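Everything below belongs to entry37.tsv, which stores TSV, C-alpha atoms.
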```
chain	number	residue	atom	x	y	z
A	109	MET	CA	-26.82	-158.84	-112.22
A	110	VAL	CA	-28.90	-156.30	-114.06
A	111	THR	CA	-27.35	-155.32	-117.37
A	112	PRO	CA	-27.82	-151.61	-118.01
A	113	ALA	CA	-29.89	-151.00	-121.11
A	114	THR	CA	-27.73	-150.39	-124.18
A	115	PRO	CA	-29.46	-147.96	-126.53
A	116	LEU	CA	-31.27	-149.34	-129.56
A	117	TRP	CA	-30.46	-147.98	-133.03
A	118	GLU	CA	-32.28	-148.26	-136.34
A	119	VAL	CA	-30.10	-149.04	-139.34
A	120	PHE	CA	-30.60	-147.67	-142.86
A	121	ILE	CA	-28.52	-148.75	-145.85
A	122	ARG	CA	-28.21	-147.30	-149.33
A	123	SER	CA	-27.21	-150.03	-151.69
A	124	ARG	CA	-26.56	-148.05	-154.89
A	125	ASN	CA	-26.07	-144.50	-156.02
A	126	GLY	CA	-29.41	-142.96	-156.89
A	127	LEU	CA	-31.40	-145.12	-154.50
A	128	SER	CA	-32.54	-143.97	-151.09
A	129	HIS	CA	-31.51	-145.41	-147.74
A	130	ARG	CA	-33.74	-148.27	-146.67
A	131	HIS	CA	-34.47	-149.48	-143.19
A	132	VAL	CA	-32.85	-152.90	-142.75
A	133	GLY	CA	-33.11	-153.60	-139.03
A	134	SER	CA	-31.93	-152.53	-135.61
A	135	LEU	CA	-29.12	-153.22	-133.17
A	136	HIS	CA	-27.80	-152.35	-129.72
A	137	ALA	CA	-24.72	-150.17	-129.27
A	138	ALA	CA	-23.33	-147.89	-126.58
A	139	ASP	CA	-22.98	-144.82	-128.81
A	140	ALA	CA	-23.23	-143.57	-132.38
A	141	VAL	CA	-19.73	-144.55	-133.49
A	142	MET	CA	-20.09	-148.09	-132.17
A	143	ALA	CA	-23.58	-148.31	-133.68
A	144	LEU	CA	-22.20	-147.41	-137.10
A	145	GLN	CA	-19.48	-150.05	-136.80
A	146	ALA	CA	-21.94	-152.68	-135.65
A	147	ALA	CA	-24.26	-151.78	-138.53
A	148	ARG	CA	-21.39	-152.28	-140.97
A	149	ASP	CA	-20.51	-155.61	-139.36
A	150	VAL	CA	-24.02	-156.97	-139.01
A	151	TYR	CA	-25.83	-155.63	-142.07
A	152	THR	CA	-23.27	-155.21	-144.89
A	153	ARG	CA	-21.56	-158.59	-144.84
A	154	ARG	CA	-22.66	-159.51	-148.35
A	155	GLY	CA	-21.90	-156.30	-150.17
A	156	GLU	CA	-25.28	-154.72	-149.45
A	157	GLY	CA	-24.17	-151.18	-148.87
A	158	LEU	CA	-22.43	-148.05	-150.09
A	159	SER	CA	-23.67	-145.89	-147.22
A	160	VAL	CA	-25.00	-146.56	-143.75
A	161	TRP	CA	-27.11	-144.42	-141.43
A	162	VAL	CA	-27.85	-145.20	-137.80
A	163	VAL	CA	-30.57	-143.36	-135.90
A	164	PRO	CA	-31.41	-143.70	-132.20
A	165	SER	CA	-34.68	-145.62	-132.08
A	166	THR	CA	-35.99	-143.16	-129.51
A	167	MET	CA	-35.73	-140.38	-132.10
A	168	ILE	CA	-38.35	-142.00	-134.29
A	169	THR	CA	-41.93	-140.89	-133.77
A	170	ALA	CA	-44.21	-143.64	-134.97
A	171	SER	CA	-47.90	-143.79	-135.76
A	172	ASP	CA	-50.06	-145.67	-133.31
A	173	PRO	CA	-51.23	-149.04	-134.69
A	174	ALA	CA	-54.59	-148.33	-133.04
A	175	ASP	CA	-55.03	-145.37	-135.40
A	176	LYS	CA	-54.59	-147.56	-138.46
A	177	ALA	CA	-58.22	-147.43	-139.50
A	178	MET	CA	-58.47	-143.66	-139.15
A	179	LEU	CA	-55.17	-142.91	-140.83
A	180	PHE	CA	-55.01	-145.35	-143.70
A	181	GLU	CA	-58.36	-146.93	-144.58
A	182	PRO	CA	-59.94	-143.78	-146.06
A	183	THR	CA	-57.53	-143.92	-148.97
A	184	ALA	CA	-58.73	-147.35	-150.04
A	185	SER	CA	-61.81	-145.91	-151.79
A	186	LYS	CA	-59.88	-143.20	-153.63
A	187	ILE	CA	-58.53	-145.18	-156.50
A	188	TYR	CA	-58.51	-142.06	-158.68
A	189	ARG	CA	-55.33	-141.07	-156.85
A	190	HIS	CA	-53.46	-143.83	-158.65
A	191	PRO	CA	-52.12	-142.60	-161.97
A	192	THR	CA	-53.75	-145.39	-163.96
A	193	PHE	CA	-56.34	-143.33	-165.84
A	194	TYR	CA	-54.04	-141.73	-168.35
A	195	ASP	CA	-53.62	-142.84	-171.94
A	196	VAL	CA	-49.90	-143.26	-172.52
A	197	PRO	CA	-48.95	-142.49	-176.13
A	198	ASP	CA	-47.36	-145.46	-177.89
A	199	ASP	CA	-44.21	-143.42	-178.63
A	200	VAL	CA	-43.45	-143.18	-174.92
A	201	GLY	CA	-42.78	-146.89	-174.81
A	202	HIS	CA	-42.33	-148.65	-171.49
A	203	MET	CA	-43.05	-146.41	-168.56
B	986	MET	CA	-2.10	-190.18	-139.74
B	987	THR	CA	-0.55	-188.04	-142.42
B	988	GLY	CA	3.09	-187.13	-142.02
B	989	SER	CA	4.20	-183.55	-141.64
B	990	ILE	CA	5.72	-181.61	-144.49
B	991	THR	CA	8.88	-179.54	-144.46
B	992	ILE	CA	8.98	-176.41	-146.56
B	993	ALA	CA	12.01	-175.26	-148.52
B	994	GLU	CA	12.13	-171.67	-147.28
B	995	SER	CA	13.57	-169.20	-149.76
B	996	PRO	CA	13.58	-165.57	-148.53
B	997	LEU	CA	10.28	-164.97	-150.36
B	998	VAL	CA	8.64	-168.06	-148.89
B	999	ARG	CA	9.85	-167.12	-145.43
B	1000	VAL	CA	8.44	-163.60	-145.54
B	1001	VAL	CA	5.13	-164.79	-147.01
B	1002	LEU	CA	4.86	-167.59	-144.42
B	1003	ALA	CA	5.39	-165.11	-141.58
B	1004	ARG	CA	2.47	-163.05	-142.89
B	1005	ALA	CA	0.33	-166.12	-143.60
B	1006	ASP	CA	0.92	-167.76	-140.22
B	1007	ASP	CA	0.19	-164.50	-138.37
B	1008	ALA	CA	-3.10	-164.26	-140.24
B	1009	LEU	CA	-4.13	-167.90	-139.81
B	1010	ILE	CA	-3.27	-168.15	-136.12
B	1011	LEU	CA	-4.86	-164.84	-135.15
B	1012	GLY	CA	-7.84	-165.67	-137.35
B	1013	HIS	CA	-8.24	-168.99	-135.56
B	1014	ARG	CA	-7.95	-167.32	-132.15
B	1015	VAL	CA	-10.57	-164.70	-133.00
B	1016	SER	CA	-12.86	-167.39	-134.45
B	1017	GLU	CA	-12.87	-169.02	-131.01
B	1018	TRP	CA	-15.18	-166.17	-129.92
B	1019	CYS	CA	-17.87	-167.29	-132.35
B	1020	GLY	CA	-20.97	-167.88	-130.25
B	1021	HIS	CA	-19.26	-166.56	-127.09
B	1022	ALA	CA	-18.83	-162.81	-127.61
B	1023	PRO	CA	-20.30	-160.43	-125.03
B	1024	ILE	CA	-23.04	-159.17	-127.35
B	1025	LEU	CA	-24.57	-160.46	-130.57
B	1026	GLU	CA	-23.32	-157.50	-132.64
B	1027	GLU	CA	-19.73	-158.11	-131.52
B	1028	ASP	CA	-20.05	-161.84	-132.09
B	1029	ILE	CA	-20.71	-161.14	-135.76
B	1030	ALA	CA	-18.03	-158.44	-135.90
B	1031	LEU	CA	-15.38	-160.79	-134.49
B	1032	ALA	CA	-16.39	-163.52	-136.94
B	1033	ASN	CA	-15.94	-160.97	-139.74
B	1034	LEU	CA	-12.46	-160.10	-138.49
B	1035	ALA	CA	-11.55	-163.79	-138.27
B	1036	LEU	CA	-12.78	-164.43	-141.81
B	1037	ASP	CA	-10.76	-161.48	-143.15
B	1038	LEU	CA	-7.63	-162.98	-141.61
B	1039	ILE	CA	-8.30	-166.53	-142.78
B	1040	GLY	CA	-8.98	-165.22	-146.29
B	1041	GLN	CA	-5.64	-163.41	-146.25
B	1042	ALA	CA	-3.94	-166.58	-145.01
B	1043	ARG	CA	-5.37	-168.55	-147.95
B	1044	SER	CA	-4.02	-166.11	-150.54
B	1045	LEU	CA	-0.65	-165.98	-148.81
B	1046	TYR	CA	-0.31	-169.77	-148.50
B	1047	ALA	CA	-1.20	-170.10	-152.17
B	1048	LEU	CA	1.59	-167.64	-152.97
B	1049	ALA	CA	4.03	-169.47	-150.67
B	1050	ALA	CA	3.17	-172.75	-152.37
B	1051	GLU	CA	3.68	-171.21	-155.80
B	1052	ALA	CA	6.99	-169.69	-154.70
B	1053	GLU	CA	8.16	-172.97	-153.20
B	1054	GLY	CA	7.33	-174.74	-156.45
B	1055	ALA	CA	6.91	-178.18	-154.89
B	1056	GLY	CA	3.34	-178.69	-156.05
B	1057	ARG	CA	1.72	-178.17	-152.67
B	1058	ASP	CA	-1.47	-176.25	-151.96
B	1059	GLU	CA	-2.59	-173.87	-149.22
B	1060	ASP	CA	-4.33	-176.60	-147.23
B	1061	GLN	CA	-1.14	-178.58	-146.89
B	1062	PHE	CA	0.65	-175.48	-145.62
B	1063	ALA	CA	-2.03	-174.93	-142.97
B	1064	TYR	CA	-2.69	-178.50	-141.92
B	1065	LEU	CA	0.51	-180.45	-142.36
B	1066	ARG	CA	3.22	-178.28	-140.84
B	1067	ASP	CA	4.38	-178.94	-137.29
B	1068	GLU	CA	4.51	-176.30	-134.60
B	1069	ARG	CA	8.21	-175.61	-135.15
B	1070	ALA	CA	7.56	-174.84	-138.82
B	1071	TYR	CA	5.04	-172.09	-137.95
B	1072	ARG	CA	6.51	-168.61	-138.36
B	1073	ASN	CA	3.85	-166.55	-136.58
B	1074	LEU	CA	4.46	-163.99	-133.85
B	1075	LEU	CA	4.09	-165.16	-130.27
B	1076	LEU	CA	1.61	-162.30	-129.81
B	1077	VAL	CA	-1.05	-163.74	-132.11
B	1078	GLU	CA	-1.05	-167.21	-130.54
B	1079	GLN	CA	-1.69	-165.89	-127.02
B	1080	PRO	CA	-5.04	-167.05	-125.61
B	1081	ASN	CA	-8.11	-164.84	-125.97
B	1082	GLY	CA	-8.32	-164.13	-122.23
B	1083	ASP	CA	-11.11	-161.71	-121.41
B	1084	PHE	CA	-12.56	-159.37	-124.03
B	1085	ALA	CA	-9.95	-156.71	-123.19
B	1086	VAL	CA	-7.08	-159.10	-123.94
B	1087	THR	CA	-8.61	-159.99	-127.30
B	1088	ILE	CA	-9.11	-156.32	-128.19
B	1089	VAL	CA	-5.63	-155.23	-127.07
B	1090	ARG	CA	-3.99	-158.14	-128.90
B	1091	HIS	CA	-5.95	-157.26	-132.03
B	1092	LEU	CA	-5.07	-153.57	-131.85
B	1093	LEU	CA	-1.35	-154.12	-131.22
B	1094	PHE	CA	-1.12	-156.48	-134.17
B	1095	SER	CA	-3.46	-154.63	-136.53
B	1096	LEU	CA	-1.65	-151.31	-136.08
B	1097	PHE	CA	1.54	-153.08	-137.09
B	1098	ILE	CA	0.23	-155.13	-139.97
B	1099	ASP	CA	-1.87	-152.30	-141.43
B	1100	ALA	CA	1.26	-150.16	-141.74
B	1101	TRP	CA	3.21	-153.10	-143.16
B	1102	TRP	CA	0.52	-153.87	-145.76
B	1103	ARG	CA	0.38	-150.23	-146.80
B	1104	ALA	CA	4.16	-150.15	-147.28
B	1105	ALA	CA	4.16	-153.57	-148.97
B	1106	ALA	CA	1.51	-152.51	-151.48
B	1107	LYS	CA	4.11	-150.08	-152.85
B	1108	HIS	CA	7.39	-151.87	-152.16
B	1109	ALA	CA	7.21	-155.64	-152.21
B	1110	GLU	CA	7.50	-158.58	-154.56
B	1111	ALA	CA	4.73	-158.05	-157.14
B	1112	ARG	CA	2.42	-160.90	-156.10
B	1113	LEU	CA	2.85	-160.01	-152.44
B	1114	ALA	CA	2.12	-156.36	-153.23
B	1115	ALA	CA	-1.17	-157.39	-154.86
B	1116	ILE	CA	-2.25	-159.28	-151.73
B	1117	ALA	CA	-1.12	-156.31	-149.60
B	1118	ALA	CA	-3.30	-153.88	-151.52
B	1119	LYS	CA	-6.37	-156.00	-150.79
B	1120	ALA	CA	-5.47	-156.85	-147.19
B	1121	GLU	CA	-4.79	-153.22	-146.27
B	1122	LYS	CA	-8.47	-152.32	-146.67
B	1123	GLU	CA	-9.36	-155.06	-144.23
B	1124	SER	CA	-6.62	-154.30	-141.71
B	1125	ALA	CA	-7.56	-150.60	-141.71
B	1126	TYR	CA	-10.99	-151.56	-140.42
B	1127	HIS	CA	-9.46	-153.94	-137.88
B	1128	VAL	CA	-7.49	-151.00	-136.46
B	1129	ARG	CA	-10.58	-148.85	-136.26
B	1130	HIS	CA	-12.76	-151.52	-134.69
B	1131	ALA	CA	-10.20	-152.50	-132.04
B	1132	ALA	CA	-9.26	-148.87	-131.31
B	1133	GLU	CA	-12.85	-147.75	-130.76
B	1134	TRP	CA	-13.40	-150.63	-128.38
B	1135	LEU	CA	-10.18	-150.00	-126.46
B	1136	ILE	CA	-11.02	-146.30	-126.07
B	1137	ARG	CA	-14.38	-147.27	-124.54
B	1138	LEU	CA	-12.93	-150.00	-122.33
B	1139	GLY	CA	-10.13	-147.77	-121.07
B	1140	ASP	CA	-12.30	-144.71	-120.60
B	1141	GLY	CA	-15.30	-146.71	-119.36
B	1142	THR	CA	-15.90	-148.06	-115.88
B	1143	ALA	CA	-13.26	-148.65	-113.20
B	1144	GLU	CA	-13.38	-152.37	-113.95
B	1145	SER	CA	-13.15	-152.05	-117.74
B	1146	HIS	CA	-10.24	-149.62	-117.30
B	1147	ALA	CA	-8.41	-152.00	-114.96
B	1148	ARG	CA	-8.94	-154.95	-117.30
B	1149	ALA	CA	-7.80	-152.99	-120.36
B	1150	GLN	CA	-4.65	-151.82	-118.58
B	1151	ALA	CA	-3.96	-155.36	-117.34
B	1152	ALA	CA	-4.33	-156.70	-120.89
B	1153	LEU	CA	-1.93	-154.08	-122.20
B	1154	ASP	CA	0.62	-154.91	-119.50
B	1155	LEU	CA	0.19	-158.65	-120.15
B	1156	LEU	CA	0.77	-158.46	-123.90
B	1157	TRP	CA	3.37	-155.71	-124.04
B	1158	PRO	CA	6.41	-158.05	-123.86
B	1159	TYR	CA	5.16	-159.65	-127.10
B	1160	THR	CA	5.26	-156.41	-129.11
B	1161	GLY	CA	9.03	-156.25	-129.66
B	1162	GLU	CA	9.02	-159.30	-131.90
B	1163	MET	CA	6.91	-157.51	-134.51
B	1164	PHE	CA	9.67	-155.05	-135.29
B	1165	GLU	CA	12.60	-157.42	-135.61
B	1166	THR	CA	14.63	-156.48	-138.66
B	1167	ASP	CA	14.05	-158.35	-141.91
B	1168	ALA	CA	16.73	-157.43	-144.40
B	1169	SER	CA	15.61	-159.87	-147.11
B	1170	GLY	CA	14.23	-157.05	-149.25
B	1171	VAL	CA	11.19	-159.15	-150.18
B	1172	GLY	CA	8.93	-156.68	-148.36
B	1173	PRO	CA	9.27	-153.63	-146.11
B	1174	ASP	CA	11.56	-153.98	-143.11
B	1175	PRO	CA	9.27	-154.17	-140.03
B	1176	ALA	CA	11.86	-152.20	-138.06
B	1177	GLY	CA	10.97	-149.16	-140.16
B	1178	ILE	CA	7.36	-149.26	-139.02
B	1179	ARG	CA	8.04	-148.88	-135.32
B	1180	ASP	CA	7.91	-145.08	-135.03
B	1181	GLY	CA	4.57	-144.80	-136.82
B	1182	TRP	CA	3.17	-147.64	-134.72
B	1183	ASP	CA	4.30	-145.93	-131.52
B	1184	ALA	CA	2.73	-142.62	-132.51
B	1185	ALA	CA	-0.59	-144.16	-133.57
B	1186	LEU	CA	-0.80	-146.26	-130.42
B	1187	ALA	CA	0.08	-143.29	-128.18
B	1188	ASP	CA	-2.85	-141.35	-129.63
B	1189	ILE	CA	-5.28	-144.21	-128.99
B	1190	LEU	CA	-3.96	-144.87	-125.46
B	1191	ALA	CA	-4.32	-141.18	-124.62
B	1192	GLN	CA	-7.99	-141.27	-125.63
B	1193	ALA	CA	-8.42	-144.51	-123.70
B	1194	THR	CA	-6.74	-142.99	-120.60
B	1195	LEU	CA	-4.39	-146.00	-120.55
B	1196	THR	CA	-0.68	-146.00	-119.74
B	1197	ARG	CA	1.84	-147.31	-122.25
B	1198	PRO	CA	3.88	-149.97	-120.44
B	1199	ARG	CA	7.61	-149.43	-120.23
B	1200	ASP	CA	9.73	-151.30	-122.77
B	1201	GLY	CA	11.44	-154.06	-120.83
B	1202	TRP	CA	12.64	-157.47	-121.88
B	1203	MET	CA	10.81	-158.65	-125.00
B	1204	GLN	CA	9.69	-162.17	-125.85
B	1205	SER	CA	10.98	-163.54	-129.13
B	1206	GLY	CA	11.27	-166.76	-131.09
B	1207	GLY	CA	8.01	-167.19	-132.99
B	1208	ARG	CA	9.52	-166.34	-136.36
B	1209	ALA	CA	12.13	-169.07	-135.77
B	1210	GLY	CA	9.50	-171.63	-134.73
B	1211	ARG	CA	10.10	-171.41	-130.96
B	1212	HIS	CA	6.57	-170.92	-129.72
B	1213	SER	CA	4.82	-170.49	-126.40
B	1214	GLU	CA	2.93	-173.41	-124.88
B	1215	HIS	CA	-0.29	-172.08	-126.40
B	1216	LEU	CA	0.35	-172.83	-130.08
B	1217	GLY	CA	0.46	-176.64	-129.78
B	1218	PRO	CA	-3.11	-177.08	-128.51
B	1219	LEU	CA	-4.34	-174.55	-131.08
B	1220	LEU	CA	-2.73	-176.49	-133.93
B	1221	ALA	CA	-4.04	-179.77	-132.53
B	1222	GLU	CA	-7.58	-178.46	-132.90
B	1223	LEU	CA	-6.88	-176.77	-136.24
B	1224	GLN	CA	-5.14	-179.76	-137.85
B	1225	TYR	CA	-6.86	-182.73	-136.22
B	1226	LEU	CA	-9.35	-183.49	-138.98
B	1227	GLN	CA	-6.89	-183.39	-141.87
B	1228	ARG	CA	-4.33	-185.41	-139.93
B	1229	VAL	CA	-6.80	-188.17	-139.05
B	1230	HIS	CA	-8.79	-188.09	-142.30
B	1231	PRO	CA	-6.27	-186.96	-144.94
B	1232	GLY	CA	-7.84	-185.06	-147.80
B	1233	ALA	CA	-11.27	-184.95	-146.15
B	1234	SER	CA	-13.48	-182.30	-147.74
B	1235	TRP	CA	-17.07	-181.13	-147.47
```

structure tokens encoding of this file:
Amino acid sequence: MVTPATPLWEVFIRSRNGLSHRHVGSLHAADAVMALQAARDVYTRRGEGLSVWVVPSTMITASDPADKAMLFEPTASKIYRHPTFYDVPDDVGHM
Amino acid sequence: MTGSITIAESPLVRVVLARADDALILGHRVSEWCGHAPILEEDIALANLALDLIGQARSLYALAAEAEGAGRDEDQFAYLRDERAYRNLLLVEQPNGDFAVTIVRHLLFSLFIDAWWRAAAKHAEARLAAIAAKAEKESAYHVRHAAEWLIRLGDGTAESHARAQAALDLLWPYTGEMFETDASGVGPDPAGIRDGWDAALADILAQATLTRPRDGWMQSGGRAGRHSEHLGPLLAELQYLQRVHPGASW
């Protein structure tokens, strides 16, 4: 018997107020409501979350791994983009 | 082999034991799905539900032991009472059947117990009210989880609809026992919960395109220790280790 494909969902959890939702994994569910329940059951069993998002995996447009060199390697030589060339006054303390 | 214990059942102990045994027996039943559920996500979800129930049972047995005042602990209540001393509903000891039976059983019971916990959090013996306040958050999710599944089973394919309706018809005669009057005053009278239960269930069944069975003759006896043939084998598995190796721990 061929099992019809159940849609795949990506799960995002926000663990504390002030933090952003983070991708934690994926799961299969028939629809959005069931996906949200499954996300709660599978990914928040140890008190990980205050808020859960589920997004259909098909709605995510991803970069092509083959384009990695073109997209990301050029930044490697531009270390001046890191904010490490400033003198931080002592009074600022830990930053 | 360790001998069985007999509990001195004051009204408080009796009400707490009914709640505790419902939770333990249904928790054990649901735990039987572990590793067997239709999909991985639901396998974990069912294990969560089972653990909620077994956690509630622990708190309730501890309270029953304290109320009895005979120096026993929650393990002795779970492992050393015979079948006739169990006060759970016949509904919760019924076998898992197919997935629809498990979901219908869980919804019928959760709708009842969620309302009872909510009422008990306000009007019950103080220690019982404290347990109720915690358990109500868990039972509210049990209602939602089971209801969403039943709506999809009922309003799904022809086969899932037929199985969901068959499960409802199969378990309906076990629903009357939930609402038998308890006039002890220890907690809310279950009879007072019936109308709300009916209304909430009617709404879910309408969405699930399922038909509420007609109220006919209702099974009864669990609260008095007269159980169906299914509880004995369940307890044999549940209690075997402690009966053969008393006090074993790990």

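The spacing separating CA of Asp172 in chain A from CA of Ile187 in chain A amounts to 24.7 Å.
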
- prompt: Counting only C-alpha atoms, which residues from chain A have an atom at most 10 Å from any atom of chain B, and could you show them as a count of residues only?
  reply: 16

Kindly provide, as a compact mmCIF listing (two decimals) with C-alpha atoms, in the coordinates of the input, the polymer residues lying within 6 Å of (-28.4, -144.6, -135.9), counting all atoms listed in the file and using the coordinates exactly as they appear in the file.
```txt
# COMPACT_ATOMS: atom_id res chain seq x y z
CA TRP A 117 -30.46 -147.98 -133.03
CA GLU A 118 -32.28 -148.26 -136.34
CA VAL A 119 -30.10 -149.04 -139.34
CA TRP A 161 -27.11 -144.42 -141.43
CA VAL A 162 -27.85 -145.20 -137.80
CA VAL A 163 -30.57 -143.36 -135.90
CA PRO A 164 -31.41 -143.70 -132.20
```

query: Which residues, written as a PyMOL selection string, have at least one atom at most 12 Å from Asn1081 in chain B, with only C-alpha atoms counted and residues fewer than 4 positions away on the same chain left out?
result: chain B and resi 1010-1019+1021-1022+1031+1076-1077+1085-1091+1152+1155-1156+1215+1219

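Our summary of the geometry notes that CA of Ala1052 in chain B is positioned 21.8 Å from CA of Ile1098 in chain B.
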
Around range 1061-1072 of chain B, fit a box with edges along x, y and z, padding it by 4 Å on each side, then list its centre and edge lengths in Å to one decimal as lines of an AutoDock Vina configuration file.
```
center_x = 2.8
center_y = -174.5
center_z = -140.7
size_x = 18.9
size_y = 19.8
size_z = 20.3
```

- prompt: If you measure from CA of Glu1078 in chain B to CA of His1127 in chain B, what distance in Å do you get, rounded to one decimal?
  reply: 17.3 Å
